[in-house]
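Comments concern the structure below.
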Amino acid sequence: MTPRQRRMTLVAVIVVGVSLAGALALRAFRENVMFYFDPTKVAAGQVKQGQRFRLGGMVVKGSVQRRPGTLDVKFAVTDFAHTVPVTYSNVLPDLFKEGAGVVALGRLDASGTFVADEVLAKHDEKYMPPEVTRSLKEGQAAAAAGTEATH
């Protein structure tokens with residue numbers, strides 16, 4: 001093999017290696033991306049069953065149900081237009097309460113219930129993730145428009 005052929009072979013191996021590493025990194029990135037959906041988008045069927053995503057909104061007042069002797073809790077999350085039932089089997093954050101903002105990470109089961117792996121509560125009165133704030137405002141506007149149309 002001539003020196004030129006060796007260099008070309010080396011360049012080809014490097015190009016293939018870099019391409020393979022890039023493809024693997026892109027695949028890992030796509031698998032780890034978690035999208036945000038509000039209850040209206042979930043109700044509209046924009047989420048596939050089993051797909052991991054973040055669900056955000058407000059905890060519906062009066063919806064929190066705890067199973068005695070366990071960490072299991074059921075509650076509902078709303079954007080004031082639609083509501084999604086949520087189940088969670090772990091310790092809830094100290095700031096979790098009815099009527100407060102929440103972001104849950106998990107997936108939908110076959111019955112349409114969101115099974116949360118992690119629940120995050122807003123950490124103060126001023127901060128809420130921008131996606132949650134936007135969807136709540138849109139949900140309130142849609143709910144207000146619906147009430148005006150019925151009166």
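By order of appearance in the structure tokens: chains A, B, ..., then residues from 1 within every chain, and ligands from 1 in the order shown.
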Could you name the residues that touch region 37-41 of chain A at 12 Å or less, counting only C-alpha atoms, but leaving out those on the same chain fewer than 2 positions away, as a PyMOL selection string? chain A and resi 34-35+43-48+51-60+76-86+101-108+112-114+130-140+142-143
Could you dump the residues just selected with N, CA and C atoms as a compact mmCIF listing (two decimals), in the first residue's frame?
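Listed below is the output, again.txt:
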# COMPACT_ATOMS: atom_id res chain seq x y z
N MET A 34 -37.55 15.87 26.53
CA MET A 34 -38.87 15.67 27.11
C MET A 34 -39.70 16.92 26.83
N PHE A 35 -40.80 16.75 26.11
CA PHE A 35 -41.63 17.86 25.72
C PHE A 35 -42.62 18.23 26.81
N ALA A 43 -55.71 16.34 26.16
CA ALA A 43 -57.09 16.02 25.81
C ALA A 43 -57.29 15.99 24.29
N ALA A 44 -56.50 16.79 23.57
CA ALA A 44 -56.60 16.84 22.11
C ALA A 44 -55.91 15.65 21.44
N GLY A 45 -55.26 14.80 22.24
CA GLY A 45 -54.61 13.62 21.68
C GLY A 45 -53.24 13.87 21.08
N GLN A 46 -52.58 14.95 21.48
CA GLN A 46 -51.27 15.25 20.93
C GLN A 46 -50.15 14.42 21.56
N VAL A 47 -50.50 13.61 22.57
CA VAL A 47 -49.51 12.80 23.27
C VAL A 47 -49.81 11.33 23.01
N LYS A 48 -48.79 10.56 22.67
CA LYS A 48 -48.95 9.12 22.46
C LYS A 48 -48.87 8.41 23.81
N GLN A 51 -45.48 7.74 25.89
CA GLN A 51 -44.47 8.77 25.61
C GLN A 51 -44.19 9.58 26.87
N ARG A 52 -42.90 9.73 27.23
CA ARG A 52 -42.54 10.54 28.40
C ARG A 52 -42.66 12.02 28.04
N PHE A 53 -43.27 12.78 28.95
CA PHE A 53 -43.40 14.21 28.74
C PHE A 53 -43.63 14.89 30.08
N ARG A 54 -43.60 16.23 30.05
CA ARG A 54 -43.88 17.03 31.23
C ARG A 54 -45.31 17.56 31.12
N LEU A 55 -46.07 17.41 32.19
CA LEU A 55 -47.44 17.92 32.26
C LEU A 55 -47.45 19.05 33.26
N GLY A 56 -47.97 20.20 32.87
CA GLY A 56 -47.98 21.34 33.77
C GLY A 56 -49.34 21.97 33.87
N GLY A 57 -49.60 22.56 35.02
CA GLY A 57 -50.86 23.26 35.25
C GLY A 57 -51.05 23.51 36.73
N MET A 58 -52.30 23.65 37.12
CA MET A 58 -52.65 23.89 38.52
C MET A 58 -53.29 22.63 39.09
N VAL A 59 -53.00 22.36 40.36
CA VAL A 59 -53.62 21.22 41.05
C VAL A 59 -55.06 21.64 41.36
N VAL A 60 -56.02 20.83 40.91
CA VAL A 60 -57.43 21.13 41.12
C VAL A 60 -57.76 21.05 42.62
N ALA A 76 -55.64 15.89 40.32
CA ALA A 76 -55.93 16.32 38.95
C ALA A 76 -55.18 17.62 38.67
N VAL A 77 -54.73 17.75 37.43
CA VAL A 77 -54.04 18.96 36.97
C VAL A 77 -54.90 19.60 35.89
N THR A 78 -55.08 20.91 35.98
CA THR A 78 -55.91 21.62 35.02
C THR A 78 -55.19 22.84 34.45
N ASP A 79 -55.63 23.23 33.26
CA ASP A 79 -55.21 24.52 32.69
C ASP A 79 -56.43 25.42 32.56
N PHE A 80 -57.48 25.08 33.31
CA PHE A 80 -58.76 25.77 33.39
C PHE A 80 -59.65 25.51 32.18
N ALA A 81 -59.16 24.77 31.21
CA ALA A 81 -59.99 24.36 30.07
C ALA A 81 -60.21 22.85 30.11
N HIS A 82 -59.18 22.09 30.45
CA HIS A 82 -59.26 20.64 30.55
C HIS A 82 -58.53 20.17 31.81
N THR A 83 -58.84 18.95 32.22
CA THR A 83 -58.25 18.37 33.42
C THR A 83 -57.71 16.99 33.11
N VAL A 84 -56.55 16.66 33.68
CA VAL A 84 -55.93 15.35 33.51
C VAL A 84 -55.72 14.73 34.89
N PRO A 85 -56.21 13.48 35.11
CA PRO A 85 -55.94 12.82 36.38
C PRO A 85 -54.49 12.36 36.45
N VAL A 86 -53.90 12.45 37.65
CA VAL A 86 -52.49 12.11 37.85
C VAL A 86 -52.38 11.15 39.03
N GLY A 101 -49.36 25.76 41.36
CA GLY A 101 -48.77 25.30 40.11
C GLY A 101 -47.91 24.07 40.32
N VAL A 102 -47.90 23.20 39.31
CA VAL A 102 -47.15 21.96 39.40
C VAL A 102 -46.69 21.55 38.00
N VAL A 103 -45.53 20.89 37.94
CA VAL A 103 -45.06 20.26 36.71
C VAL A 103 -44.73 18.82 37.08
N ALA A 104 -45.32 17.88 36.37
CA ALA A 104 -45.10 16.46 36.64
C ALA A 104 -44.43 15.83 35.42
N LEU A 105 -43.48 14.93 35.67
CA LEU A 105 -42.79 14.22 34.60
C LEU A 105 -43.25 12.78 34.63
N GLY A 106 -43.63 12.25 33.48
CA GLY A 106 -44.10 10.86 33.43
C GLY A 106 -44.68 10.54 32.07
N ARG A 107 -45.71 9.65 32.08
CA ARG A 107 -46.34 9.22 30.83
C ARG A 107 -47.79 8.87 31.06
N LEU A 108 -48.56 8.82 29.98
CA LEU A 108 -49.97 8.43 30.04
C LEU A 108 -50.10 6.93 30.03
N GLY A 112 -55.73 6.85 30.20
CA GLY A 112 -55.66 8.29 30.07
C GLY A 112 -55.21 9.00 31.34
N THR A 113 -54.78 8.22 32.33
CA THR A 113 -54.25 8.80 33.56
C THR A 113 -52.76 9.03 33.40
N PHE A 114 -52.30 10.18 33.87
CA PHE A 114 -50.88 10.50 33.82
C PHE A 114 -50.20 9.85 35.02
N PRO A 130 -42.36 29.25 32.16
CA PRO A 130 -43.07 30.03 31.14
C PRO A 130 -44.14 29.24 30.40
N GLU A 131 -43.87 27.94 30.14
CA GLU A 131 -44.85 27.12 29.43
C GLU A 131 -46.13 27.00 30.24
N VAL A 132 -46.00 26.82 31.56
CA VAL A 132 -47.17 26.66 32.42
C VAL A 132 -47.95 27.97 32.47
N THR A 133 -47.26 29.09 32.64
CA THR A 133 -47.92 30.39 32.68
C THR A 133 -48.70 30.65 31.40
N ARG A 134 -48.08 30.38 30.26
CA ARG A 134 -48.72 30.60 28.96
C ARG A 134 -49.95 29.72 28.81
N SER A 135 -49.84 28.42 29.14
CA SER A 135 -50.98 27.52 28.96
C SER A 135 -52.11 27.85 29.92
N LEU A 136 -51.79 28.30 31.14
CA LEU A 136 -52.84 28.68 32.08
C LEU A 136 -53.60 29.91 31.59
N LYS A 137 -52.87 30.89 31.04
CA LYS A 137 -53.54 32.08 30.50
C LYS A 137 -54.44 31.70 29.33
N GLU A 138 -53.94 30.83 28.46
CA GLU A 138 -54.75 30.38 27.32
C GLU A 138 -55.97 29.61 27.79
N GLY A 139 -55.79 28.76 28.80
CA GLY A 139 -56.90 27.98 29.35
C GLY A 139 -57.95 28.85 30.00
N GLN A 140 -57.51 29.87 30.75
CA GLN A 140 -58.45 30.80 31.37
C GLN A 140 -59.23 31.57 30.31
N ALA A 142 -59.89 30.58 27.23
CA ALA A 142 -60.82 29.65 26.59
C ALA A 142 -62.01 29.36 27.48
N ALA A 143 -61.77 29.20 28.79
CA ALA A 143 -62.86 28.95 29.72
C ALA A 143 -63.79 30.16 29.81
Contacts of Ser89 (chain A) at 10 Å (only C-alpha atoms; same-chain gap of 4+ positions) as a tab-separated table (two decimals) with N, CA and C atoms, in the first residue's frame:
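Resulting contents of selection09.tsv:
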chain	number	residue	atom	x	y	z
A	66	ARG	N	-55.17	10.74	49.08
A	66	ARG	CA	-54.03	9.93	49.53
A	66	ARG	C	-54.54	8.58	50.00
A	67	ARG	N	-53.77	7.53	49.70
A	67	ARG	CA	-54.11	6.20	50.18
A	67	ARG	C	-53.42	6.00	51.53
A	70	THR	N	-49.60	4.48	52.64
A	70	THR	CA	-48.71	4.40	51.48
A	70	THR	C	-48.33	5.82	51.05
A	71	LEU	N	-47.48	5.90	50.08
A	71	LEU	CA	-47.12	7.19	49.48
A	71	LEU	C	-47.98	7.50	48.26
A	72	ASP	N	-48.90	6.60	47.90
A	72	ASP	CA	-49.72	6.78	46.71
A	72	ASP	C	-50.65	7.97	46.86
A	73	VAL	N	-50.69	8.79	45.85
A	73	VAL	CA	-51.57	9.96	45.84
A	73	VAL	C	-52.14	10.13	44.44
A	74	LYS	N	-53.40	10.56	44.40
A	74	LYS	CA	-54.06	10.87	43.14
A	74	LYS	C	-54.50	12.33	43.21
A	115	VAL	N	-49.25	8.96	34.76
A	115	VAL	CA	-48.49	8.29	35.82
A	115	VAL	C	-47.18	9.04	35.97
A	116	ALA	N	-47.05	9.78	37.08
A	116	ALA	CA	-45.90	10.65	37.28
A	116	ALA	C	-44.75	9.89	37.92
A	117	ASP	N	-43.54	10.15	37.41
A	117	ASP	CA	-42.30	9.64	38.01
A	117	ASP	C	-41.72	10.68	38.97
A	118	GLU	N	-42.03	11.95	38.70
A	118	GLU	CA	-41.51	13.05	39.50
A	118	GLU	C	-42.51	14.19	39.47
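Non-sequential neighbours of Lys61 (chain A) (distance at most 8 Å, separation of 3 or more positions within a chain, only C-alpha atoms) are Val64, Glu98 and Gly99 of chain A.
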Restricting it to C-alpha atoms, dump the selection as a PDB file, in the first residue's frame.
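Everything below was put into again_36.pdb:
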ATOM      1  CA  VAL A  64     -55.932  15.315  46.159  1.00  0.00           C
ATOM      2  CA  GLU A  98     -54.197  22.247  45.964  1.00  0.00           C
ATOM      3  CA  GLY A  99     -54.605  25.331  43.805  1.00  0.00           C
TER       4      GLY A  99
END
Residues of chain A in helix (DSSP H, G or I) according to DSSP, as a PyMOL selection string? chain A and resi 3-32+39-43+130-150
So which bits of chain A end up strand (DSSP E) when you DSSP the backbone, as number ranges by chain? A: 35-37, 53-59, 65-66, 72-78, 83-89, 101-108, 114-121
note - CA of Phe96 (chain A) and CA of Ala121 (chain A) are separated by 5.3 Å
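The two atoms in question, CA of Val119 (chain A) and CA of Ala100 (chain A), are spaced 12.4 Å apart.
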